[in-house]
Structure formats: structure tokens, C-alpha cells
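Contents: one structure, followed by commentary.
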Amino acid sequence: MGAERTTMGKAFQLIPDSASTFAQAIDANYYYIWAITIFFTIGIVAAVAYFSVKYRRKHKDEVGHPIHGSLMLEITWSVIPLLIAMSVFVFGTAAFFSAYDPPTGAMEIYVVGKQWMWKIQHPEGNREINELHVPVGQPVRLTMTTEDVLHSFFVPAFRIKKDVVPGLYTTLWFQATKVGDYHLFCAEYCGNQHSGMIGKVHVMEAADYEAWLSGTTRGETMEASGQRQFEKLGCSTCHLQDNTGRGPSLKNVFGKPVQLQSGTTVTADEAYVRESILQPQAKIVKTYTNVQMPTFQGQVSEDGVLQLISYVKSLSEAPAPVAAPAAPAAAKGGKK
Amino acid sequence: MSATLAPPLHTTPEPEPQFPAKHFLNTGRGVASWLLTKDHKRIALMYLISVTLMALLGGFFASLVRLELLTPQGDLMSAEQYNRAFTMHGIIMVFFLLIPVTPAILGNFLLPIMIGAKDLALPRINLLSWYLYVIGAILTLSSLVLGGADTGWTFYTPYSSMYSTGAVIPAALGAFVAGFSSILTGLNFIVTVHKMRCPGMTWMRMPLFVWANYATSLVQILGTPVVAMTIILVALEKLLGFSFFNAAAGGDPILFQHLFWFYSHPAVYIMILPGMGIISELVSAFSRKKIFGYSFIAMSSVAIAVIGFLIWGHHMYVSGQSVYEGLLFSVLTFLVAIPSAIKTFNWAATLYRGSISWDAPMVYAIGFFGLFLIGGLTGLFCANLAVDLHIHDTYFIVAHFHYIMVGGAIMAYMGGIHFWWPKMTGRMYPEALGRVSGVLVFLGFNLTFLPQFLLGYMGMPRRYHAYPEEFQIFNMMSTAGATVLGLGYLLPLVYFAWSLKYGKIAGNNPWGAKGLEWETTSPPPLENFHTMPVQTEEAYAYADEGETHHG
């Protein structure tokens, strides 16, 4: 794998490999701001140097010319920097927004950080630690959380980074453009072995990826694991699919709006399902007021919750990429 | 040189300056006269000594960090030790150097004199704030023997409150206590500026150093209580099991970041604003010229103080906050760049048609120019949402804030201490050595931190004990630069100490500068002025002839 040369292990490369669809836009912003920085630094330093020499003190009692100021100049050097700053804002924000919404139909992969490793689950059942295999040219959406402290999932070659936060799902998406092996770093300080919480992202040709997926390491799919836990934890005794159980049926729920007792509506995304498992009383479905669902906090791991979510997703006819949630849903995450 | 001597320019030689017979240093002797003093000048000198000691300690931890990073493997220290070293470096430098350095030393000494007052309005409170500083410092340092704090100076939850095994609480409580020292200094300055100005000292005649400290004081008293409260919440969670930030118990780990940065971003302005005030004084004094755009410089300080409170979220673009929050914080962050740009242009314009001399303080001021420009402009990378996605939590950020805080705030402080040292002690230091030190600091600083911008974009995360090999070259340059930088900082310690005994007697006004502090003796008497000063002109009125407006 990694037919092409990549950043890893190479001696020196000022700009890391560009291996995702965002890299170009972010690099363009980077060069644009360097141009501004160099222009103003050289311009002002040159002016200071020129004045310092031209107006150097000629005799010891000399004083400078009494110049009070100039409104025109003040306006000029306020407005021009303001316009330049706004252009930097606009370019950066445009690139940031396009990096935020995953396209529909993105491949789903689940990431759980813990001191000091990255645990990754593919829906097909493959699990890996500190390695992430992805196909080239296909949008991939990561749904991420952590078992302990904050970490941050950072792939320099993709120019992306996102914190993983306890109790919250954060999402990140990318589309790799170049086959190869790339650094995966934890960017948020997380304790002793922070600098050891590193790994590799392997970007593979689609066919190689398929071959890897069907390799020997494959266990049962996340959906199947989720279903098994759904039975084992007793979820299935109340959440009957024909809606005759004590809890609401979960069929065709994922990705759809849910009416709550409080009168508001939420979309059943990953964060909502997670919260309903761990803090069932936080949002109660309309007409289910008197049901005291117990919390499963401490009884199911973060990996397990993700598997349960996979299963709930599979109960929906069209597994809509809900939380494709643009920003807000992803950000609001599981609490409130 | 021709053998025949030209007739001297001044036929009557100026009298040799005399050391004043009675001044604040010999008014009262013995340890008690210092430890119980209410004189702002003595308190300033006590701060000078304690802050310098803390800076040396912070520098020691910085050198441990830089030595470890010479090689990619974590071989000098264990990861535990490394994490404690960078944490201690950060806590000491932020809370015990950068925040107090200019207000508590130079501000304390000069602010009353500059506005023609006898002392600060609340002298006992002033002494109390020094004691709080010392208690805070001892608390923080006690964490070193209790196992060391390993959270980084940012104390992020839930690591600090639930997972760290280090002595987080003493370190954080030290910052908490030092915070009150900072609040009280700010309060004192505000009251003093409002109530103690001498006759004729109107608001718009105040030196810009006073304006800058006034704006800083506003930030100190409004922002610091928030971080104090936040530290208490962390302590309650860690010691008593409350859950404010623990997600499993319904808390919110990101809430901590909002509270922390609500103070700690404005704290950046607590660090840099007084430095900007110093630069205004230096640029004017060493071009012997009225500062260009006085009111714009004064008001831009206030604007920075106000906008500075609205942009904390730019530390959290990738924390999981929504894109819309990111958008808002980004645009406000770009706005705060404008008042800084206005100051920079006005300083440069002040040089135009001045009478410029390159004495040691001016070397530092010009060095500040170069470093602050780079620091400010690289802020554009960090404020840009897309670029930050890549550089957040990398060495780019480390380089950027060192340019602002060390290249900006400390460079300005060094310029200031070289400028006012003769006033504070009555003695001149070897001025050529001062220039050498300024140049060393400038070169060493750039060699240390310029490579870190590139390192950050290459992808090296901050707070890494070990790192992949391709990052080594820049790390080596950085460590080499830090060595030069260290020499540049140590040199003044030597010649300042030397000057106390052997330095040339300075006289009232060795630089030929304007301002009330140059009209009294060096060092000043206990009551600052022998007769009540009256301000009869605008600040920086170097030329006698009528005002000429330009443009």
C-alpha cells in the first residue's frame, strides 16, 4: 500500500502532502495571508528603517517637527486593513463551510478516542486501533467521541482536525485524493502519552480497500453487534417494533423528527439516540411520560453505544444521513 | 579626526548631574521599611525583583523543553517530566510574568508620577497586591514538590478535574490568588487615574502609557474574576466531586473552555496593552516629537479592551462549537486587528520628520515593531476559520502567541526598563551593552520562533514530548535560537546590577524626554515631587513653536 511517496518519514517538506479535497482551499488561504503578512512587514519595516536613517538626530538638542496627526491618514490606514481583514475572513469562512457539510451518502466510520489510542470501527465490522483505512475518492464521515478526556483527531495531509469530547458526538468528513500513508495525530493535550497517541491513515484504491475490508480480521457487522446488545440489554422487551411495547417503536425513527412531551421536536440523530440510551429522562417522547426507562450509563461502552446506534439506523428504511447535520446538530451534540 | 579641536557647540558646559541627597531609596532603611512600605516606587521595585525571579524560573523550564525537543525521541526527560516542565513554564510565564510585568513594575512606579500624583490612591491595597502575588507564586511553586502540575497552563477539563494525577490544585490556586493581585492593581490604577491627576492634567493630556494601563485595568477587573470563579469550579469538582464539567454526570466539558477563554483571551490584552503604552512613550521620546495621532492611539487601546471581550471563541473553532459561533467569533477577531494596525501605523508615522536616536530603549522599540508586526499579522492565519482547521493546536499557534507575548509584551517591557532604569535608580547602565542585548534578543527570538510557524503548518502538534523525524531540523534551529535569546535576556541582569554601584549618575532627564517623570529627581523623592506639578501643555510637546497640522 502507499504506492506514492507521502510525507511520512520524509526528511523535509514545508507544505505537507495535499491528500484531501480541502487541502487546496486551505493552502490557498495560507498563501494569501503570507502574501499580506510579507507585504505589510516589509513595507512598514522599510518605512521605519528609512525614517530612522533619514531623520536621525543630527545634534543633541534637536527636536522633531511638531506634527499632530492626520485624519485622512487615520481613515486610510483603518479602512484598507479592514477591507483586507474582511477578505481574509470571507475566503476562510467559505472554505470552512464547505469543509463542514458532508455530501449525502458519505461512508460512515466511527472513532472512539481514549488515553492513549484511537479505536476505529467500520460498519462492516472491521475494527482497528491507531490505523484508519479509507478508500481514495470517496467521502468519509467520521462520528467521534471519547471514553475519557478531550482528544483531537488531526490528519495534517487532509488539513482537518476536530476535538473529540466526552458525552458528545462530533463529526468530521473528508475525501481523500491521493493513495498513501499519512500521519494521524492527537492534537489536544491528553496526558502522559499525548505524543504517543499517533497513528496512520491508509488511503487505498477502492479495490484494495474492499480487499482489506473482507480480510480475515472482520468480525460481525456493527449492526449485528448492535442487535445482539439490543437483545442482551433488554431493549427489545419494551421497544417492540409494532409499537405495542412500553417504549416507542424504533422502526423508521432514525433520521426522522420525533415529537417530545415538552412540545418540541427533535431529529433522531446519533446524538439523540445516544442521549436516550444514557440519559433517558432528558427528552421524553410524547405520550410516554409515565414510563421510567432506566439509564444504561456504565452498562454499555462507547463502542457499544455506537453499535446500538448502527442497529437503530438499520431499522429505518432510508438510512438518511441525518446528522449530515450541518453544523448545529453536530455541535449541539448529546447534551442539553 | 582633525587635530585642532572645534569649538564646543555649547559654550557653557552643562553641570555634571548630581545624585539627589534625599530620595525614596534612602528615606527609611531596613527590611521592615521595605516589607511594610506604602510607597508605590518601593512596591514597584519589590515586584521587579519577584517577577524577575519568576521569569528566571519560567525560563529554566523553557530551556528544559527546548533541550528535550532537540531530538525526536523523548530522551532527556520522561513524558511525565516533560509535561510538567511545559505546564510550569506556561503557568509561571503567563500568570507571574506576562500579566504583572508592565503594570505592576513600570505602571506602579510611573503611573502616579506621570499624572503628577504623590502615590497611588490606595497605597495599602497596593502593598496587599504584592503580598498576594508572592503567596500565589509560593502556592504555584509548591505544586512542584507536591508532584507537579501536568495540565498545561490551560487547565482543560475533564483532564484537570478528573484524570490528572499531578498537583493541579495548588498550581491553579496559585493562579487564583495571583489573579486577585492583578484585580487590585487594576482597581488601584482606575481610582488613581480618576481622582489623583494634578492640576492641568486633563484626560487628553495624559501620557499614552497611562491610557494603556487604564484600559488594561478595565480588562483586569472585569475579566479576572471569571477565571477565579472557573478555577474554583475545577477545584470543587476535583476535591469534592461536584460535576460542572463531567459529562457522565450531566456536566459540560466545553463550558470550561468558554469560561477559561472568556478571561484568558482578554488576558492577552492585559499583557500587550501596557507594552503598547511603553512603545508610544519610546517612539515619541527617541524621535523627540509629538506622537502621531494621540487620540487614535489612546482610543484604540480602549477599543481593544472592549472588542477583546467578545472574541474568546476563536480558541474553540474545532472544539465542537457550531459553525455559526465560529463565524461570529472569526469576524469579531478580524475586527480587533484594526485598532492594533492603527497603533502600528501611527508609531511609524511618528518617526517621520523626527529627530531619531538609536539609544538602547529605541533598539528594543524598533525590535518590538518587527516582532509585533509578525505576531499581529500571523494572527490573521489563526483567525481564518479554514486555516485554523489545520494549524489549531500546532506549533504555528505556539509561534504566533510567543510573537505577541514575548516579541510584543516582553520586548516592550525591556525597552521600558531600559528607558526608565535611570529614573528608578538614578544611574545609567552601559548603553552600548544595552543595544547589544536588544539585538541579541531580536535575532535569537526570530531564530527560535520563525521556524515554529513552518513546523506548525507541516503538522507538528504542540505539547509533544516526542515527534516524527521530519520535524527535527526546525526544532534544532529553535533550540539554537532559544540559546541566543537566553543570553540576550541574561546580559541586562549583569549590567543593570553593575550600574547600581558603578553607573554614571543619570540626572533628572538623561534622554531629553518630555513627561512629568523627567522633571523630578532620579531617583524621585518619597513624595515624587518637591512642589506640586502643574501640567501646562499637551503630552509630548517637544517643539516650542505653534502647532502645525499636517495633512
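If you're wondering about the labels, chains in the C-alpha cells are A, B, ... by order shown, residues count from 1 in each chain, ligands from 1 in order shown.
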
**Item:** Near-stretch 434-441 of chain B list (8 Å; only C-alpha atoms; drop same-chain fewer than 2 positions) as a PyMOL selection string
**Value:** chain B and resi 359-361+363-364+367+418+429-432+443-445+484-489+491-492

**Item:** Residue contacts of A:Glu128 (10 Å, only C-alpha atoms) excluding same-chain residues fewer than 3 positions away, as a ChimeraX atom specification
**Value:** /A:111,118-122,125,131-133,217

Do you know which residues are at most 12 Å from stretch 180-185 of chain B counting only C-alpha atoms, after dropping those on the same chain fewer than 6 positions away, and could you put them as a tab-separated table (two decimals) with C-alpha atoms, in the first residue's frame?
```tsv
chain	number	residue	atom	x	y	z
B	40	HIS	CA	4.40	52.79	45.10
B	43	ILE	CA	6.47	48.27	45.86
B	44	ALA	CA	7.37	48.50	42.17
B	47	TYR	CA	7.69	43.48	42.13
B	95	PHE	CA	0.31	34.42	35.48
B	96	PHE	CA	3.54	35.52	37.15
B	97	LEU	CA	5.44	37.30	34.38
B	98	LEU	CA	3.32	38.49	31.46
B	99	ILE	CA	0.27	39.68	33.38
B	100	PRO	CA	2.03	41.64	36.14
B	101	VAL	CA	5.27	42.60	34.43
B	102	THR	CA	4.46	46.00	32.99
B	103	PRO	CA	1.56	47.22	35.16
B	104	ALA	CA	2.99	46.03	38.46
B	105	ILE	CA	6.57	47.17	37.87
B	107	GLY	CA	2.98	51.08	35.90
B	108	ASN	CA	3.29	51.02	39.65
B	111	LEU	CA	1.66	55.96	36.70
B	120	LEU	CA	-1.48	55.52	44.06
B	121	ALA	CA	-4.90	56.22	45.51
B	122	LEU	CA	-4.87	53.08	47.68
B	123	PRO	CA	-1.31	52.52	48.93
B	124	ARG	CA	-2.16	49.73	51.40
B	125	ILE	CA	-4.09	47.85	48.74
B	126	ASN	CA	-1.04	48.23	46.55
B	127	LEU	CA	1.14	46.54	49.17
B	128	LEU	CA	-1.52	43.86	49.64
B	129	SER	CA	-1.44	43.08	45.94
B	130	TRP	CA	2.31	42.44	46.13
B	131	TYR	CA	1.78	40.03	49.04
B	132	LEU	CA	-0.96	38.25	47.10
B	133	TYR	CA	1.44	37.90	44.20
B	134	VAL	CA	4.05	36.33	46.45
B	135	ILE	CA	1.56	33.99	48.10
B	136	GLY	CA	0.26	32.97	44.68
B	137	ALA	CA	3.80	32.32	43.48
B	173	LEU	CA	-4.94	28.13	43.33
B	174	GLY	CA	-1.64	29.98	42.90
B	191	VAL	CA	-9.18	55.09	41.03
B	192	THR	CA	-5.84	56.86	40.76
B	213	ASN	CA	-2.62	51.00	31.76
B	214	TYR	CA	-6.08	52.43	32.32
B	216	THR	CA	-5.63	47.28	30.90
B	217	SER	CA	-7.06	47.89	34.35
B	218	LEU	CA	-10.59	47.74	32.97
B	219	VAL	CA	-9.86	44.33	31.50
B	220	GLN	CA	-8.24	43.17	34.73
B	221	ILE	CA	-11.17	43.99	36.95
B	222	LEU	CA	-13.81	42.74	34.52
B	223	GLY	CA	-12.14	39.57	33.30
B	224	THR	CA	-10.06	38.20	36.13
B	225	PRO	CA	-12.98	37.34	38.45
B	226	VAL	CA	-14.28	34.98	35.77
B	227	VAL	CA	-11.12	32.89	35.70
B	228	ALA	CA	-11.03	32.96	39.51
B	229	MET	CA	-14.54	31.52	39.54
B	267	ALA	CA	-5.72	38.46	29.35
B	270	ILE	CA	-3.69	42.66	29.76
B	271	MET	CA	-0.27	41.56	28.60
```

**Request:** Going by DSSP on the backbone, which bits of stretch 36-246 of chain A are strand (DSSP E)? Write them as a PyMOL selection string, please.
**Result:** chain A and resi 107-114+117-121+127-129+131-135+139-146+151-155+160-164+170-175+180-186+199-204

**Residue neighbourhood stretch 92-109 of chain A, 9 Å, only C-alpha atoms, exclusion window fewer than 6 positions, as a PyMOL selection string** = (chain A and resi 21-22+25-26+29+120-123+138-144+160+171-174+320-322+324-327) or (chain B and resi 323+326-327+330+383-389)

**Message:** Taking only C-alpha atoms into account, name the residue in A:Thr145, A:Ser70, A:Ser310, A:Gln292 that is nearest to chain B.
**Reply:** A:Ser70

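With only C-alpha atoms as the basis for measurement, A:Val149 is the residue among A:Ala206, A:Met117, A:Ile42, A:Val149 that approaches chain B most closely.
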
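Counting from atom CA of A:Phe230, the distance to atom CA of A:Phe296 is 11.6 Å.
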
**Message:** Among stretch 341-513 of chain B, which residues does DSSP mark as helix (DSSP H, G or I) when it is run on the backbone? Keep the chain and numbering as in the structure and answer as a PyMOL selection string.
**Reply:** chain B and resi 341-351+360-383+385-391+395-425+431-458+469-502

**A:Asn192, A:Thr221, A:Gln259, A:Asn290 ranked by distance to B:Thr165, top pick (using only C-alpha atoms)** = A:Asn192
